[in-house]
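Heads up, the thing below is written out as structure tokens.
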Amino acid sequence: MMKNIKDITISIFAVIVFVTIITAFTNQQQKNDVVILKLMGKKLESAYVIDDGREDKVRDGLTGDEALEKFLDNGWNIKGTSVASDAGRFSVVYTLTRQK
């Protein structure tokens, strides 16, 4: 009787470990693209797209509001905001992400 309980317990743990290992191999990490927009009022100070460790500066001749709206309309989400100060001028920095 005691041996059967021990065998059942070992079997249950073996199944749990097996399922955990299989799940770990089948789950792939989701990667995110990142955009950082720095706006001073309506002016777009800078815009960077970071993809796979590569950073590209983009402008596209847009104002800050237009750039933000363009990214939001194209499936980007605001991940966070912060305020930056440069020589007494304040800017709002938006961090946008999108899953690949």
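Identifiers in this document derive from the order of the structure tokens: chains are assigned A, B, ..., residues are numbered from 1 separately in each chain, and ligands are numbered from 1 in order of occurrence.
Excluding Val92 (chain A) itself and any same-chain residue fewer than 4 positions from it, the protein and nucleic acid residues within 6 Å of it, counting only C-alpha atoms, are Lys38, Leu39, Ser82 and Val83 of chain A.
Interatomic distance, CA of Lys57 (chain A) to CA of Glu45 (chain A): 10.9 Å.
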Notebook entry, point to check: Separation of CA of Met40 (chain A) and CA of Gly75 (chain A), in Å?
Noted result: 23.3 Å
Margin query: Residues within 12 Å of Gly61 (chain A), please, as a PyMOL selection string. Count only C-alpha atoms; anything in the same chain fewer than 3 positions from it doesn't count.
Written below: chain A and resi 43-47+58+64-67
Dump as a PDB file, in the first residue's frame, selection limited to N, CA and C atoms:
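As written to disk, out32.pdb reads:
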ATOM      1  N   LYS A  43       6.216  71.103 -30.859  1.00  0.00           N
ATOM      2  CA  LYS A  43       7.390  70.808 -31.680  1.00  0.00           C
ATOM      3  C   LYS A  43       7.934  69.415 -31.353  1.00  0.00           C
ATOM      4  N   LEU A  44       8.273  68.664 -32.404  1.00  0.00           N
ATOM      5  CA  LEU A  44       8.897  67.354 -32.237  1.00  0.00           C
ATOM      6  C   LEU A  44      10.400  67.565 -32.129  1.00  0.00           C
ATOM      7  N   GLU A  45      10.937  67.428 -30.929  1.00  0.00           N
ATOM      8  CA  GLU A  45      12.369  67.605 -30.700  1.00  0.00           C
ATOM      9  C   GLU A  45      13.166  66.447 -31.288  1.00  0.00           C
ATOM     10  N   SER A  46      12.740  65.229 -30.980  1.00  0.00           N
ATOM     11  CA  SER A  46      13.422  64.057 -31.511  1.00  0.00           C
ATOM     12  C   SER A  46      12.493  62.851 -31.464  1.00  0.00           C
ATOM     13  N   ALA A  47      12.748  61.919 -32.360  1.00  0.00           N
ATOM     14  CA  ALA A  47      11.975  60.687 -32.419  1.00  0.00           C
ATOM     15  C   ALA A  47      12.931  59.563 -32.789  1.00  0.00           C
ATOM     16  N   VAL A  58      13.975  59.423 -36.637  1.00  0.00           N
ATOM     17  CA  VAL A  58      12.958  59.730 -37.644  1.00  0.00           C
ATOM     18  C   VAL A  58      12.364  61.103 -37.367  1.00  0.00           C
ATOM     19  N   GLY A  64       4.981  67.500 -33.171  1.00  0.00           N
ATOM     20  CA  GLY A  64       4.936  66.513 -32.094  1.00  0.00           C
ATOM     21  C   GLY A  64       3.594  65.819 -31.983  1.00  0.00           C
ATOM     22  N   ASP A  65       2.516  66.599 -32.033  1.00  0.00           N
ATOM     23  CA  ASP A  65       1.176  66.022 -31.946  1.00  0.00           C
ATOM     24  C   ASP A  65       0.895  65.080 -33.109  1.00  0.00           C
ATOM     25  N   GLU A  66       1.310  65.487 -34.312  1.00  0.00           N
ATOM     26  CA  GLU A  66       1.080  64.645 -35.495  1.00  0.00           C
ATOM     27  C   GLU A  66       1.857  63.337 -35.396  1.00  0.00           C
ATOM     28  N   ALA A  67       3.102  63.414 -34.927  1.00  0.00           N
ATOM     29  CA  ALA A  67       3.921  62.203 -34.794  1.00  0.00           C
ATOM     30  C   ALA A  67       3.308  61.248 -33.771  1.00  0.00           C
TER      31      ALA A  67
END
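Using only C-alpha atoms for every distance, the candidate list A:Ile36, A:Gly41, A:Ile78, A:Asp60 yields A:Gly41 as the residue closest to Phe90 (chain A).
The nearest approach to Ala84 (chain A) among the residues A:Leu37, A:Leu62, A:Leu68, A:Leu96, with only C-alpha atoms taken into account, belongs to A:Leu37.
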Notebook entry, point to check: DSSP on the backbone: what in region 44-73 of chain A comes out strand (DSSP E or B), as number ranges by chain?
Noted result: A: 44-51, 54-57
Item checked: Nearest to Phe71 (chain A), chosen from A:Ile16, A:Ile10, A:Val34, A:Ile5, with only C-alpha atoms counted in the distances -> A:Val34
Item checked: Atom-to-atom span, CA of Asp73 (chain A) and CA of Tyr48 (chain A), Å -> 17.3 Å
